[in-house]
Amino acid sequence: MAQDNEANAILEKIQKSKEDTNRVLAYVEYGQYLENQNLDSAAKYYLKAEALSRKLNYPAGKFKFRSNYTYILNLQGKFEQALRLNNESLEIAREMKSPLNIGKSMANIAASYTYMGNFTNAIRFYQQSADQFEKLGQKTFLPRLYVNIGTAFEHANLFNKSLEYKQKALRLARPMNDSLQLADILTNLGGCLFNLKKYEQSLAYYSEGLAVAQKIGSDIFVVQAYGGLCRTNRGLKKLDKAREFGEKGLKLARETGNVFLEMECLRALMFVAEDSKQPELSAKYTGEALKIAEENEMTDHLVELYEDYATDLARQNNYKAAYDYLMKYAILNDSIQGIDVQKQLQELDTRYLTAQKEKQIVTLEKEKQTRNTLIYGLAAGLIVLALISALVYRNITIRKQIAENEVLQLQQEKQLVATNAILKGQEEERTRVARDLHDGLGGLLSGIKLTLNSVKGNVILPEESAMTFTRALTQLDGAISEMRRVAHSMMPETLVRFGLIEALSDFCEGISSSGQLRVTMQDFGFDKRLDSSVEIVLYRIVQELLNNVLKYAEATEAQVQLTRVGNNVSVTVEDNGKGFDVNNLDQNKGAGIRNVQARVDYLNGRLDIQSTPEEGTSVLIEIVV
């Protein structure tokens, strides 16, 4: 009854308001109310808010539409569309000069990247969002953010790291009295513990999350809890209980139009049917889930579903259909050349041909026609011959491709060895020259200065000669300072003694203190130092990129980000300069970019340059250590 009163109050607000910004906000408020009941109805009111915001040129309304509507798109599996709108919301927030909305947009962009499986970009935007909220002191946003960071780690199979963030989110959320957020975090924690096979703990969190979601009438989290309880009870071998929760979740997911959770419930029921020795029912659930994944282009789910469906069909002796879906799985998974897949294909093909022959024999025996027997036998032989020919041809093609790849790999290895030798020689020569400058020439110049100072104190010179002598000493001080600067540039002592992060921090602070460019630096995950050779190369790459920004970009700000997740290291250098057309990069690639590319190749990494004229430049380097 209280919810009906709330809905009526919002609708009355819509009806009484003029066609102004208040009506836009009322549309958004009603859409948020409907989210927990029917996604299509909620989307309808969000789209009304967008249309009126465009008419009124109301930036806040445009931002609120994107922030809320993308949540629905993600639940419906429309991730590309959601990412596009989230990027638009970030631009709108920047135009509004709203730090809070900028933080929200970054978190939404990270969520889109998580759904799309791009966890590197997801973690990068989550970090930026967390920094933004912490600077603003907005702790109310942090629980949801920690859950999302945990989800990104979960998708990367780092379940213990995910559990750490989600438990941190729960500790912050419990005192906030936000039941909707609490239901979300509890069901997320249940899923995390399920992945760690801690079924009893998972069951407790899912049960608490279900109770909270039912109390506030949040259908989305009710479905999420039902699906989790289905999987957890299956893990505990309580199949009847698992089936009961799975069917409840499936029914409610279909009523609310949430295709993402509908597919999750179908997959959970599929495994329950499989454990219950019901292959036809398992195939039915898999087929329905497969249809949803294909319609919504959920590529990451399609690979598993193709293989599951092929297995279900094979159990029903429908070998031809099983063969077709296994082929789809193999093509999508880009592993058609794998030995195991080939064996499965050959086995299914053989069983299919055998079944066909048996069917033909039964038909021929009934008809008792020798002529038809000969024709069918000849046809079967031609099919077998064609298949054998195709397999032989494919085998020859694969062998040829493997040989070509081996030759190409040897050439690349040869080139890499040469590049390695050049880069190693350069760094050794830099170290030697820096040491000679500092210890040899530096000591010599300092000795000369001491001698001249002692002479100055013991010799009486005319005034003009004394001034000349003093100028010479001043110039000698400048020469010593310049020599030390050059030696430090060639091989910073901080890099050798304290590592990459400290050395780059000093370098960035040095550029900022010069007043030419303000450089900020962020790092994540560098609890331990990298190998010294890798640190030197990464330092040279960032040094070269920032020097390019100083020379050519006409920028006022630059940002350096270093992230390490497991063995994956990424470095990003961005600026707000004049940018350039990346399509012309191959023809006009300067020495600086060639040096960067050579060093990235030395580390077996990947270099990605994104730039648009008048919109700045972003350079991403990814390596595995």
# chains A, B, ... in the order shown; residues from 1 in each chain; ligands from 1
>>> residues_around(residues="segment 99-114 of chain A", least_positions_apart="4", cutoff="7 Å", atoms="only C-alpha atoms", output="compact mmCIF listing (two decimals) with N, CA and C atoms, in the first residue's frame")
# COMPACT_ATOMS: atom_id res chain seq x y z
N PHE A 79 25.16 -4.20 -24.36
CA PHE A 79 26.32 -3.59 -23.72
C PHE A 79 26.96 -2.49 -24.57
N ALA A 82 24.96 0.63 -24.28
CA ALA A 82 25.14 1.21 -22.94
C ALA A 82 26.47 1.94 -22.82
N LEU A 83 27.55 1.35 -23.38
CA LEU A 83 28.87 1.99 -23.32
C LEU A 83 28.86 3.32 -24.07
N ASN A 86 27.10 5.86 -21.91
CA ASN A 86 27.91 6.21 -20.73
C ASN A 86 29.05 7.16 -21.10
N ASN A 87 29.65 6.95 -22.26
CA ASN A 87 30.70 7.88 -22.72
C ASN A 87 30.10 9.27 -22.97
N SER A 89 27.54 10.50 -21.38
CA SER A 89 27.24 11.09 -20.06
C SER A 89 28.49 11.70 -19.44
N LEU A 90 29.67 11.08 -19.68
CA LEU A 90 30.92 11.65 -19.16
C LEU A 90 31.20 13.01 -19.80
N ALA A 93 28.84 15.53 -18.23
CA ALA A 93 29.27 15.86 -16.86
C ALA A 93 30.43 16.84 -16.88
N ARG A 94 31.36 16.65 -17.81
CA ARG A 94 32.50 17.57 -17.91
C ARG A 94 32.05 18.95 -18.37
N ASN A 118 36.14 -6.56 -20.95
CA ASN A 118 37.38 -5.78 -21.05
C ASN A 118 37.75 -5.32 -19.63
N PHE A 119 38.40 -6.22 -18.86
CA PHE A 119 38.62 -5.96 -17.44
C PHE A 119 39.73 -4.95 -17.20
N ASN A 121 40.32 -2.11 -18.96
CA ASN A 121 39.67 -0.80 -19.00
C ASN A 121 38.69 -0.63 -17.85
N ALA A 122 38.03 -1.72 -17.45
CA ALA A 122 37.07 -1.63 -16.34
C ALA A 122 37.78 -1.19 -15.06
N ILE A 123 38.88 -1.86 -14.73
CA ILE A 123 39.60 -1.52 -13.50
C ILE A 123 40.16 -0.11 -13.59
N PHE A 125 38.92 2.54 -15.17
CA PHE A 125 37.88 3.54 -14.93
C PHE A 125 37.36 3.47 -13.49
N TYR A 126 37.32 2.26 -12.91
CA TYR A 126 36.93 2.15 -11.51
C TYR A 126 37.91 2.91 -10.61
N GLN A 128 39.74 5.53 -11.42
CA GLN A 128 39.51 6.97 -11.59
C GLN A 128 38.24 7.40 -10.83
N SER A 129 37.19 6.56 -10.88
CA SER A 129 35.95 6.87 -10.18
C SER A 129 36.18 6.91 -8.67
N GLN A 132 37.91 9.99 -7.62
CA GLN A 132 37.00 11.14 -7.70
C GLN A 132 36.11 11.21 -6.45
N PHE A 133 35.51 10.07 -6.06
CA PHE A 133 34.62 10.06 -4.91
C PHE A 133 35.37 10.31 -3.60
N ASN A 148 31.51 -3.43 -7.63
CA ASN A 148 31.82 -3.49 -9.06
C ASN A 148 33.28 -3.85 -9.31
N ALA A 152 34.73 -7.15 -11.33
CA ALA A 152 35.75 -7.16 -12.38
C ALA A 152 36.83 -8.20 -12.07
>>> residues_around(residues="Leu39 of chain A", least_positions_apart="4", cutoff="10 Å", atoms="only C-alpha atoms", output="compact mmCIF listing (two decimals) with N, CA and C atoms, in the first residue's frame")
# COMPACT_ATOMS: atom_id res chain seq x y z
N GLY A 31 10.60 6.37 -13.34
CA GLY A 31 11.36 5.28 -13.97
C GLY A 31 12.13 4.48 -12.94
N GLN A 32 12.75 5.17 -11.98
CA GLN A 32 13.50 4.47 -10.91
C GLN A 32 12.56 3.62 -10.07
N LEU A 34 9.81 2.17 -11.15
CA LEU A 34 9.37 1.03 -11.96
C LEU A 34 10.48 0.02 -12.24
N GLU A 35 11.74 0.41 -12.04
CA GLU A 35 12.86 -0.50 -12.34
C GLU A 35 12.71 -1.84 -11.65
N ALA A 43 11.95 1.93 -18.77
CA ALA A 43 12.62 2.48 -19.95
C ALA A 43 11.75 3.52 -20.64
N LYS A 44 10.46 3.27 -20.69
CA LYS A 44 9.52 4.20 -21.34
C LYS A 44 9.59 5.58 -20.70
N TYR A 69 19.17 4.86 -17.77
CA TYR A 69 18.75 4.01 -18.90
C TYR A 69 19.81 2.95 -19.22
N TYR A 71 21.57 1.33 -17.16
CA TYR A 71 21.39 0.21 -16.22
C TYR A 71 20.44 -0.82 -16.82
N ILE A 72 19.36 -0.34 -17.44
CA ILE A 72 18.39 -1.25 -18.07
C ILE A 72 19.01 -1.93 -19.28
N LEU A 73 19.77 -1.17 -20.10
CA LEU A 73 20.41 -1.76 -21.29
C LEU A 73 21.36 -2.88 -20.89
N LEU A 75 21.16 -4.83 -18.24
CA LEU A 75 20.37 -5.99 -17.83
C LEU A 75 19.75 -6.70 -19.02
N GLN A 76 19.54 -5.96 -20.13
CA GLN A 76 18.98 -6.56 -21.34
C GLN A 76 20.06 -7.09 -22.28
N ILE A 220 14.35 -7.60 -9.33
CA ILE A 220 15.64 -7.93 -9.92
C ILE A 220 16.50 -8.72 -8.95
N GLU A 255 8.66 -12.37 -16.33
CA GLU A 255 7.63 -11.36 -16.08
C GLU A 255 8.20 -9.95 -16.13
N THR A 256 9.45 -9.77 -15.66
CA THR A 256 10.06 -8.43 -15.61
C THR A 256 10.82 -8.09 -16.89
N GLY A 257 10.99 -9.04 -17.80
CA GLY A 257 11.69 -8.78 -19.06
C GLY A 257 13.19 -8.67 -18.92
N ASN A 258 13.76 -9.25 -17.88
CA ASN A 258 15.22 -9.20 -17.66
C ASN A 258 15.86 -10.41 -18.33
>>> closest_residue(among="A:Leu607, A:Tyr115, A:Glu614, A:Pro462", to="Asn74 of chain A", atoms="only C-alpha atoms")
A:Tyr115
>>> atom_distance(atom1="atom CA of Leu281 of chain A", atom2="atom CA of Ala314 of chain A")
13.7 Å
>>> closest_residue(among="A:Ala26, A:Ala204, A:Ile623, A:Met298", to="Asn8 of chain A", atoms="only C-alpha atoms")
A:Ala26
>>> select_by_dssp(residues="segment 36-220 of chain A", states="alpha helix (DSSP H)", output="VMD selection string")
chain A and resid 39 to 56 59 to 75 79 to 96 99 to 115 119 to 136 142 to 155 159 to 173 179 to 195 199 to 216 219 to 220
>>> atom_distance(atom1="atom CA of Thr70 of chain A", atom2="atom CA of Leu85 of chain A")
6.9 Å
>>> closest_residue(among="A:Thr470, A:Thr617, A:Asn296, A:Gln316", to="Gln81 of chain A", atoms="only C-alpha atoms")
A:Asn296
>>> atom_distance(atom1="atom CA of Ser202 of chain A", atom2="atom CA of Thr232 of chain A")
6.9 Å
>>> residues_around(residues="segment 518-530 of chain A", least_positions_apart="6", cutoff="10 Å", atoms="only C-alpha atoms", output="MDAnalysis selection string")
chainID A and resid 123:124 127:128 131 498:501 504:505 507:512 536 546 555:566 569:575 625
>>> write_last_selection(atoms="N, CA and C atoms", output="JSON list (two decimals), in the first residue's frame")
[["chain", "number", "residue", "atom", "x", "y", "z"],
["A", 123, "ILE", "N", 38.88, -1.86, -14.73],
["A", 123, "ILE", "CA", 39.60, -1.52, -13.50],
["A", 123, "ILE", "C", 40.16, -0.11, -13.59],
["A", 124, "ARG", "N", 40.64, 0.28, -14.80],
["A", 124, "ARG", "CA", 41.20, 1.63, -14.97],
["A", 124, "ARG", "C", 40.15, 2.70, -14.66],
["A", 127, "GLN", "N", 39.21, 2.80, -10.92],
["A", 127, "GLN", "CA", 40.21, 3.53, -10.13],
["A", 127, "GLN", "C", 39.98, 5.04, -10.21],
["A", 128, "GLN", "N", 39.74, 5.53, -11.42],
["A", 128, "GLN", "CA", 39.51, 6.97, -11.59],
["A", 128, "GLN", "C", 38.24, 7.40, -10.83],
["A", 131, "ASP", "N", 38.97, 7.47, -7.05],
["A", 131, "ASP", "CA", 39.74, 8.68, -6.72],
["A", 131, "ASP", "C", 38.83, 9.91, -6.66],
["A", 498, "PHE", "N", 65.49, 2.75, -6.05],
["A", 498, "PHE", "CA", 64.15, 2.65, -5.49],
["A", 498, "PHE", "C", 63.11, 2.09, -6.45],
["A", 499, "GLY", "N", 63.41, 2.01, -7.75],
["A", 499, "GLY", "CA", 62.49, 1.37, -8.68],
["A", 499, "GLY", "C", 61.72, 2.32, -9.57],
["A", 500, "LEU", "N", 60.88, 1.71, -10.42],
["A", 500, "LEU", "CA", 60.19, 2.41, -11.49],
["A", 500, "LEU", "C", 59.24, 3.50, -10.97],
["A", 501, "ILE", "N", 58.40, 3.16, -9.97],
["A", 501, "ILE", "CA", 57.36, 4.10, -9.53],
["A", 501, "ILE", "C", 57.99, 5.37, -8.95],
["A", 504, "LEU", "N", 59.67, 7.45, -11.85],
["A", 504, "LEU", "CA", 58.71, 8.16, -12.69],
["A", 504, "LEU", "C", 58.04, 9.29, -11.93],
["A", 505, "SER", "N", 57.80, 9.09, -10.63],
["A", 505, "SER", "CA", 57.22, 10.18, -9.82],
["A", 505, "SER", "C", 58.16, 11.38, -9.81],
["A", 507, "PHE", "N", 60.42, 12.09, -12.07],
["A", 507, "PHE", "CA", 60.46, 12.63, -13.42],
["A", 507, "PHE", "C", 59.25, 13.52, -13.71],
["A", 508, "CYS", "N", 58.05, 13.02, -13.32],
["A", 508, "CYS", "CA", 56.82, 13.79, -13.55],
["A", 508, "CYS", "C", 56.81, 15.08, -12.73],
["A", 509, "GLU", "N", 57.28, 14.99, -11.47],
["A", 509, "GLU", "CA", 57.34, 16.19, -10.63],
["A", 509, "GLU", "C", 58.32, 17.21, -11.21],
["A", 510, "GLY", "N", 59.42, 16.69, -11.80],
["A", 510, "GLY", "CA", 60.39, 17.60, -12.40],
["A", 510, "GLY", "C", 59.79, 18.37, -13.56],
["A", 511, "ILE", "N", 59.00, 17.68, -14.40],
["A", 511, "ILE", "CA", 58.36, 18.36, -15.53],
["A", 511, "ILE", "C", 57.35, 19.38, -15.01],
["A", 512, "SER", "N", 56.53, 18.96, -14.02],
["A", 512, "SER", "CA", 55.52, 19.87, -13.48],
["A", 512, "SER", "C", 56.15, 21.11, -12.87],
["A", 536, "ILE", "N", 63.67, -0.40, -16.54],
["A", 536, "ILE", "CA", 64.43, 0.58, -17.34],
["A", 536, "ILE", "C", 63.71, 0.86, -18.65],
["A", 546, "LEU", "N", 56.43, 11.50, -22.76],
["A", 546, "LEU", "CA", 56.25, 12.83, -22.17],
["A", 546, "LEU", "C", 57.09, 13.88, -22.88],
["A", 555, "ALA", "N", 50.20, 20.86, -24.99],
["A", 555, "ALA", "CA", 49.26, 20.49, -23.92],
["A", 555, "ALA", "C", 49.57, 21.27, -22.64],
["A", 556, "THR", "N", 48.55, 21.35, -21.79],
["A", 556, "THR", "CA", 48.74, 21.97, -20.47],
["A", 556, "THR", "C", 48.73, 20.93, -19.35],
["A", 557, "GLU", "N", 48.11, 19.76, -19.64],
["A", 557, "GLU", "CA", 48.04, 18.71, -18.63],
["A", 557, "GLU", "C", 48.34, 17.36, -19.27],
["A", 558, "ALA", "N", 48.93, 16.47, -18.49],
["A", 558, "ALA", "CA", 49.17, 15.09, -18.93],
["A", 558, "ALA", "C", 48.98, 14.18, -17.72],
["A", 559, "GLN", "N", 48.61, 12.95, -18.00],
["A", 559, "GLN", "CA", 48.39, 11.98, -16.93],
["A", 559, "GLN", "C", 49.09, 10.67, -17.26],
["A", 560, "VAL", "N", 49.78, 10.12, -16.26],
["A", 560, "VAL", "CA", 50.48, 8.83, -16.41],
["A", 560, "VAL", "C", 49.84, 7.85, -15.43],
["A", 561, "GLN", "N", 49.40, 6.69, -15.96],
["A", 561, "GLN", "CA", 48.79, 5.66, -15.12],
["A", 561, "GLN", "C", 49.52, 4.34, -15.34],
["A", 562, "LEU", "N", 49.89, 3.67, -14.23],
["A", 562, "LEU", "CA", 50.52, 2.36, -14.29],
["A", 562, "LEU", "C", 49.68, 1.40, -13.45],
["A", 563, "THR", "N", 49.30, 0.28, -14.07],
["A", 563, "THR", "CA", 48.44, -0.70, -13.41],
["A", 563, "THR", "C", 49.06, -2.09, -13.54],
["A", 564, "ARG", "N", 49.04, -2.81, -12.42],
["A", 564, "ARG", "CA", 49.50, -4.21, -12.44],
["A", 564, "ARG", "C", 48.45, -5.09, -11.81],
["A", 565, "VAL", "N", 47.94, -6.07, -12.59],
["A", 565, "VAL", "CA", 47.00, -7.07, -12.09],
["A", 565, "VAL", "C", 47.59, -8.43, -12.40],
["A", 566, "GLY", "N", 48.11, -9.11, -11.38],
["A", 566, "GLY", "CA", 48.79, -10.38, -11.61],
["A", 566, "GLY", "C", 50.06, -10.15, -12.41],
["A", 569, "VAL", "N", 50.71, -5.94, -16.92],
["A", 569, "VAL", "CA", 51.08, -4.55, -16.60],
["A", 569, "VAL", "C", 50.64, -3.66, -17.75],
["A", 570, "SER", "N", 49.96, -2.56, -17.44],
["A", 570, "SER", "CA", 49.56, -1.60, -18.47],
["A", 570, "SER", "C", 50.04, -0.21, -18.07],
["A", 571, "VAL", "N", 50.47, 0.56, -19.08],
["A", 571, "VAL", "CA", 50.93, 1.94, -18.88],
["A", 571, "VAL", "C", 50.12, 2.83, -19.83],
["A", 572, "THR", "N", 49.53, 3.89, -19.30],
["A", 572, "THR", "CA", 48.75, 4.83, -20.12],
["A", 572, "THR", "C", 49.31, 6.23, -19.93],
["A", 573, "VAL", "N", 49.55, 6.92, -21.05],
["A", 573, "VAL", "CA", 49.98, 8.33, -21.02],
["A", 573, "VAL", "C", 48.97, 9.13, -21.85],
["A", 574, "GLU", "N", 48.28, 10.08, -21.21],
["A", 574, "GLU", "CA", 47.25, 10.87, -21.88],
["A", 574, "GLU", "C", 47.59, 12.35, -21.76],
["A", 575, "ASP", "N", 47.18, 13.15, -22.76],
["A", 575, "ASP", "CA", 47.36, 14.59, -22.67],
["A", 575, "ASP", "C", 46.16, 15.29, -23.27],
["A", 625, "VAL", "N", 54.50, -9.77, -17.59],
["A", 625, "VAL", "CA", 55.81, -9.93, -16.96],
["A", 625, "VAL", "C", 55.88, -11.30, -16.27]]
>>> residues_around(residues="Leu56 of chain A", least_positions_apart="4", cutoff="10 Å", atoms="only C-alpha atoms", output="CSV table (one decimal) with all heavy atoms, in the first residue's frame")
chain,number,residue,atom,x,y,z
A,19,GLU,N,5.5,21.6,-18.6
A,19,GLU,CA,6.5,20.9,-19.4
A,19,GLU,C,7.8,21.6,-19.2
A,19,GLU,O,8.4,22.3,-20.1
A,19,GLU,CB,6.1,21.0,-20.9
A,19,GLU,CG,6.8,19.9,-21.7
A,19,GLU,CD,6.2,19.9,-23.2
A,19,GLU,OE1,6.3,21.0,-23.8
A,19,GLU,OE2,5.8,18.9,-23.6
A,20,ASP,N,8.4,21.4,-18.0
A,20,ASP,CA,9.7,22.0,-17.6
A,20,ASP,C,10.6,21.0,-17.0
A,20,ASP,O,10.3,19.8,-17.0
A,20,ASP,CB,9.4,23.2,-16.7
A,20,ASP,CG,8.7,22.8,-15.4
A,20,ASP,OD1,8.5,21.6,-15.2
A,20,ASP,OD2,8.2,23.7,-14.7
A,21,THR,N,11.7,21.5,-16.4
A,21,THR,CA,12.7,20.6,-15.8
A,21,THR,C,12.1,19.8,-14.6
A,21,THR,O,12.6,18.6,-14.4
A,21,THR,CB,13.9,21.4,-15.3
A,21,THR,OG1,13.4,22.4,-14.3
A,21,THR,CG2,14.6,22.1,-16.4
A,24,VAL,N,10.8,16.6,-16.1
A,24,VAL,CA,11.9,15.7,-16.4
A,24,VAL,C,12.3,14.9,-15.2
A,24,VAL,O,12.5,13.7,-15.3
A,24,VAL,CB,13.1,16.5,-17.0
A,24,VAL,CG1,14.3,15.6,-17.1
A,24,VAL,CG2,12.8,17.2,-18.3
A,50,GLU,N,14.4,12.0,-21.5
A,50,GLU,CA,15.4,12.3,-22.5
A,50,GLU,C,14.8,13.3,-23.6
A,50,GLU,O,15.4,14.3,-24.0
A,50,GLU,CB,16.0,11.1,-23.2
A,50,GLU,CG,16.7,11.3,-24.5
A,50,GLU,CD,18.0,12.0,-24.3
A,50,GLU,OE1,18.3,12.5,-23.2
A,50,GLU,OE2,18.7,12.2,-25.3
A,51,ALA,N,13.6,12.9,-24.1
A,51,ALA,CA,13.0,13.7,-25.1
A,51,ALA,C,12.7,15.1,-24.6
A,51,ALA,O,13.0,16.1,-25.3
A,51,ALA,CB,11.7,13.0,-25.6
A,52,LEU,N,12.2,15.3,-23.4
A,52,LEU,CA,11.9,16.6,-22.9
A,52,LEU,C,13.2,17.4,-22.6
A,52,LEU,O,13.3,18.6,-22.8
A,52,LEU,CB,11.0,16.5,-21.6
A,52,LEU,CG,10.5,17.8,-21.0
A,52,LEU,CD1,9.8,18.6,-22.0
A,52,LEU,CD2,9.6,17.5,-19.8
A,61,GLY,N,19.1,16.8,-17.0
A,61,GLY,CA,18.2,15.8,-17.5
A,61,GLY,C,18.8,14.8,-18.4
A,61,GLY,O,18.5,13.6,-18.4
>>> residues_around(residues="Arg254 of chain A", least_positions_apart="6", cutoff="10 Å", atoms="only C-alpha atoms", output="list in words")
Val223, Leu261, Glu262 and Met263 of chain A
>>> residues_around(residues="Ala289 of chain A", least_positions_apart="5", cutoff="9 Å", atoms="only C-alpha atoms", output="list in words")
Glu262, Met263, Glu264, Cys265, Leu266, Arg267, Lys284, Glu294 and Leu305 of chain A
>>> closest_residue(among="A:Asn5, A:Asn157, A:Asn604, A:Asn405", to="Asn195 of chain A", atoms="only C-alpha atoms")
A:Asn157
